[in-house]
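Each remark here refers to the structure printed beneath this line.
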Amino acid sequence: MTSKSLFFKRIKQDLHQRVWFPVILFIISFFPMELTLVSELDRLQHKVNPIERMTQYMVEFFTLANPFSIVTGVAALICALSGFSFMHSARKLDTYHSMPVKREQIFWQQYVYGILYYVIPVVIHVIICLGIGVALGAFRVEALSNMVWFALIQTLFFVLFYSVCVTAVCLTGNMVISVLGCGVLLIYSWVLYGLKTSLYDIFFDTYYYNQAGTIWAFSPLHLIANMLSDADYTGFVYADCTLHYVKMLMQAAVYTLVALWLYKKRPTEAAGKSIAFGFAEPVIKAMIALPVTIVGAFLFRSVVENDARDGWFIFGGIFSLVLSCLVMEAIFRQNPREVFAHAKHLIVNGAIAATVIVIFRFDVFGYDYYMPANVKNYAISIYNLGDIYMYRDSHREWSLENMELTPSESITKLIEQAIEDSETSHNMYYTYEKLADGAIYFSMYVKYELDNGKEEYRCYLLNILNDSTQQLLNEIYNTDEYKLGIYPILSDGWKKQYNTVQVTTAYAEDRFALSEERMAKLIETYQRELKALRYEEIWNESPVASLGFEWDMSVDNSQMHCYEDNYKIYDSFTQTIALLEEYGCIMETTLPAEMITAIEIDDWSVENYDNNGEIDKVMRVNYTQDDYAKLVEIVKNVESSSLVNEFNPNMRVYDVNVDIIYMLNGKEYSRGFLFKPGCMPSWVREELDASLEELDRIDIPTYQ
């Protein structure tokens, strides 16, 4: 009974001192809550189907994506600093501890007061918003459910932030250091994750995006960012983030217990000091010095783009290390004259930072050339080999996720070759043209699925022109496993209700709807011929057409028009071509010269621009029906740039572009073409060269 009366007596005293906090919180919360809700509902009242739109907005307003979380985070920081600021004053601390109450009870009372100051205003705002929705006829049960979830999850966010900030206040001795401590604890693991990813990205040639491994998200902002990232794929549905809520509750409990332990052990004379516990000072310095040193090294390294980058990286690291340690020393000592009071901390922190950098810079643990044992399945995606344009996902990501290649000698040898090529082509990206050694490197992405369930990803560079590589690719591509993992249309888990077909040939593009029966027959025919496609055909031939499919599906409570495109059709796909023609598709693969209006040929290799962005040097020739014989010769030796063999570099000649303007079915079209390798007539080359000479004789005006 005494404890209960003391609790209410002390909350009255605390409320008298901090009444400003719930009042200001209530006022500020009005803007992102009621004001935003009313203004948007008023706007929707003047739209088509206003009730439906307003009720849907009421549901979506109270989701995880609501920006009110920013207010929650700031409120937690202010509440913790104001509620436990008495620890920064020896006089106030003596007053609190002189009461006939245990320290634990004082801590819990202050802790609970802060939560109540937040919860009560927020609940009132949610109730008001509920009343607004009901008054405007925009209410439904789903909105009420989201409102309850909103209040609970925002309270969970608050408790998590609040617990971390209270821990920081208990660990420090004055307000300035408490604020800095809160900032560090709130984002530290997120910063570490970013630094780890950057180190992998800069120093490891085979690093694959976003696969640097995870770091325990012990900072609230890191944990919430992970939750929102996962929730984004489910439309921010509350129930789908249960695991994240459990993690938040556990972390809030741990931070609260740590804060309680620090409060009980904290000496009274620590009030006013920078750090309340001497043992924590070197740890805090190391926690700050390491990321600051690495970030500084990165910034200085980015200043140059040549071989001097390593030197700037070292200089930037040393400079940032010394500066951060001296600044921290001045803050902790509260006296700029004592910046060298603990020089040994500088040396130790420098050694730690240097060790981390050396491990990454020289790949001490062999990350780039690591080839795991005990692999259950492989997934391999190679640049331009079977690339499909997909409505929402990256084709590469889809392949790595869905492909399951059984371990084989061919796969092992291909990866070993890729590792060797990656070492040879250190710090190089994929190339389109031959290098001095006659190599052309394509990106090859590999996922290793290990027996223990773990997944490892790597991105290698592969010399696509190597004879042994060609043999290995031939063996791997011609397996059903590889095709099932690279072509979504062959996958059993990728069934869709296609309703429209798009066929693109060199001279025409046809788009038409098919009945369910006809679509099924077309897909079945194409699947059969795609499975029979051999690697030699992909390497040595260009497709004659491409096939695309369209369909409608519901995504995140809205209707989305989706597509898959770039399924190649080769000469060997005779049944698919015949079926498309039966369905009325125009399969134009050649064009009579009589239908051509004009041809324009440009040589991009010499195209040049002046300071005003105007072309002042170019090779360009034009042909019309007056040059009929030349038109016939050109058309015979070109292929569509949209259907060119993108995988075999020897099949592409990009420097010379051929633009053909022609009439088809009463309409004028313009399409881009490229000369087949070695097939450009000699007189075209001569006339292009002559056009450059003629242009050089023209007096091009210059502008001051």
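Ordered as shown in the structure tokens, chains take letters A, B, and onward, while each chain numbers its residues from 1 and ligands are numbered from 1 in the order shown.
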
Quiz item: Out of range 559-601 of chain A, which residues get alpha helix (DSSP H) from DSSP, as a list in words?
Solution: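 Matching residues, listed in order: Thr574, Gln575, Thr576, Ile577, Ala578, Leu579, Leu580, Glu581 and Glu582 of chain A.
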
Using only C-alpha atoms, find each residue of range 405-474 of chain A with at least one atom at most 12 Å away from an atom of range 526-549 of chain A; report its shortest atom-to-atom pair and that distance in Å (one decimal), sort the rows by chain and rising residue number, and return the result as a tab-separated table.
```
residue	atom	partner	partner_atom	distance
A:Ile464	CA	A:Trp539	CA	10.7
A:Leu465	CA	A:Trp539	CA	10.8
A:Gln470	CA	A:Trp539	CA	9.2
A:Gln471	CA	A:Tyr535	CA	9.7
A:Leu472	CA	A:Tyr535	CA	10.5
A:Leu473	CA	A:Tyr535	CA	7.7
A:Asn474	CA	A:Tyr535	CA	5.4
```

Produce a file of the selected residues containing N, CA, C and O atoms, as an mmCIF file, in the first residue's frame.
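Output file result01.cif is given in full below:
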```
data_model
loop_
_atom_site.group_PDB
_atom_site.id
_atom_site.type_symbol
_atom_site.label_atom_id
_atom_site.label_comp_id
_atom_site.auth_asym_id
_atom_site.auth_seq_id
_atom_site.Cartn_x
_atom_site.Cartn_y
_atom_site.Cartn_z
ATOM 1 N N ILE A 464 35.290 -15.239 -71.919
ATOM 2 C CA ILE A 464 34.282 -15.976 -72.671
ATOM 3 C C ILE A 464 34.858 -16.597 -73.938
ATOM 4 O O ILE A 464 34.246 -17.503 -74.531
ATOM 5 N N LEU A 465 36.027 -16.138 -74.398
ATOM 6 C CA LEU A 465 36.607 -16.652 -75.640
ATOM 7 C C LEU A 465 37.577 -17.797 -75.422
ATOM 8 O O LEU A 465 38.122 -18.342 -76.388
ATOM 9 N N GLN A 470 34.539 -22.475 -73.367
ATOM 10 C CA GLN A 470 33.478 -22.770 -74.313
ATOM 11 C C GLN A 470 33.017 -24.221 -74.209
ATOM 12 O O GLN A 470 31.819 -24.508 -74.239
ATOM 13 N N GLN A 471 33.947 -25.124 -74.046
ATOM 14 C CA GLN A 471 33.594 -26.534 -73.924
ATOM 15 C C GLN A 471 32.790 -26.789 -72.653
ATOM 16 O O GLN A 471 31.792 -27.517 -72.660
ATOM 17 N N LEU A 472 33.196 -26.163 -71.554
ATOM 18 C CA LEU A 472 32.495 -26.346 -70.278
ATOM 19 C C LEU A 472 31.095 -25.737 -70.339
ATOM 20 O O LEU A 472 30.129 -26.324 -69.834
ATOM 21 N N LEU A 473 30.972 -24.552 -70.933
ATOM 22 C CA LEU A 473 29.658 -23.925 -71.072
ATOM 23 C C LEU A 473 28.740 -24.783 -71.930
ATOM 24 O O LEU A 473 27.534 -24.876 -71.665
ATOM 25 N N ASN A 474 29.286 -25.376 -72.953
ATOM 26 C CA ASN A 474 28.515 -26.269 -73.812
ATOM 27 C C ASN A 474 27.945 -27.438 -73.010
ATOM 28 O O ASN A 474 26.764 -27.795 -73.138
#
```

Self-check item: Nearest to Lys344 in chain A, chosen from A:Gly183, A:Pro282, A:Pro649, A:Gly137, with only C-alpha atoms counted in the distances
Solution: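 Among A:Gly183, A:Pro282, A:Pro649, A:Gly137, it is A:Pro282 that comes nearest to Lys344 in chain A.
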
Fewer than 5 positions away in the same chain doesn't count, so skip those; otherwise give me all residues within 10 Å of Phe158 in chain A, counting only C-alpha atoms, as a tab-separated table (two decimals) with N, CA and C atoms, in the first residue's frame.
```
chain	number	residue	atom	x	y	z
A	69	SER	N	6.81	7.18	-36.89
A	69	SER	CA	7.90	6.52	-36.18
A	69	SER	C	9.04	7.48	-35.89
A	71	VAL	N	8.66	10.66	-35.04
A	71	VAL	CA	8.24	11.35	-33.81
A	71	VAL	C	8.49	10.45	-32.60
A	72	THR	N	8.19	9.15	-32.76
A	72	THR	CA	8.39	8.19	-31.67
A	72	THR	C	9.86	8.14	-31.25
A	73	GLY	N	10.76	8.07	-32.20
A	73	GLY	CA	12.18	8.00	-31.88
A	73	GLY	C	12.68	9.24	-31.17
A	74	VAL	N	12.31	10.42	-31.66
A	74	VAL	CA	12.73	11.68	-31.02
A	74	VAL	C	12.13	11.79	-29.62
A	75	ALA	N	10.87	11.39	-29.48
A	75	ALA	CA	10.22	11.43	-28.17
A	75	ALA	C	10.93	10.54	-27.17
A	76	ALA	N	11.36	9.35	-27.58
A	76	ALA	CA	12.08	8.44	-26.69
A	76	ALA	C	13.38	9.05	-26.21
A	77	LEU	N	14.11	9.70	-27.12
A	77	LEU	CA	15.37	10.34	-26.76
A	77	LEU	C	15.14	11.45	-25.73
A	79	CYS	N	12.57	11.94	-23.77
A	79	CYS	CA	11.99	11.41	-22.53
A	79	CYS	C	13.07	10.78	-21.65
A	114	GLY	N	8.05	7.56	-17.96
A	114	GLY	CA	8.37	7.95	-19.33
A	114	GLY	C	7.48	7.26	-20.34
A	115	ILE	N	7.24	5.96	-20.15
A	115	ILE	CA	6.39	5.22	-21.09
A	115	ILE	C	4.96	5.75	-21.07
A	118	TYR	N	4.28	8.89	-23.03
A	118	TYR	CA	4.20	8.69	-24.46
A	118	TYR	C	2.89	8.01	-24.85
A	119	VAL	N	2.55	6.95	-24.14
A	119	VAL	CA	1.42	6.11	-24.53
A	119	VAL	C	0.10	6.87	-24.48
A	152	LEU	N	0.19	-0.35	-30.73
A	152	LEU	CA	1.05	-1.33	-30.06
A	152	LEU	C	2.48	-1.28	-30.60
A	153	ILE	N	2.63	-1.23	-31.92
A	153	ILE	CA	3.97	-1.26	-32.51
A	153	ILE	C	4.70	0.05	-32.27
A	163	SER	N	14.70	2.46	-23.98
A	163	SER	CA	15.60	1.62	-23.20
A	163	SER	C	17.06	1.86	-23.58
A	164	VAL	N	17.31	2.01	-24.86
A	164	VAL	CA	18.67	2.28	-25.33
A	164	VAL	C	19.15	3.63	-24.82
A	252	ALA	N	14.82	-4.74	-26.11
A	252	ALA	CA	14.36	-3.75	-25.14
A	252	ALA	C	14.54	-4.27	-23.72
```

Quiz item: By how many Å are CA of Met227 in chain A and CA of Tyr245 in chain A apart?
Solution: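 Here the two named atoms are 8.7 Å from each other.
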
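Atom pair CA of Ala143 in chain A / CA of Ile70 in chain A: separated by 21.6 Å.
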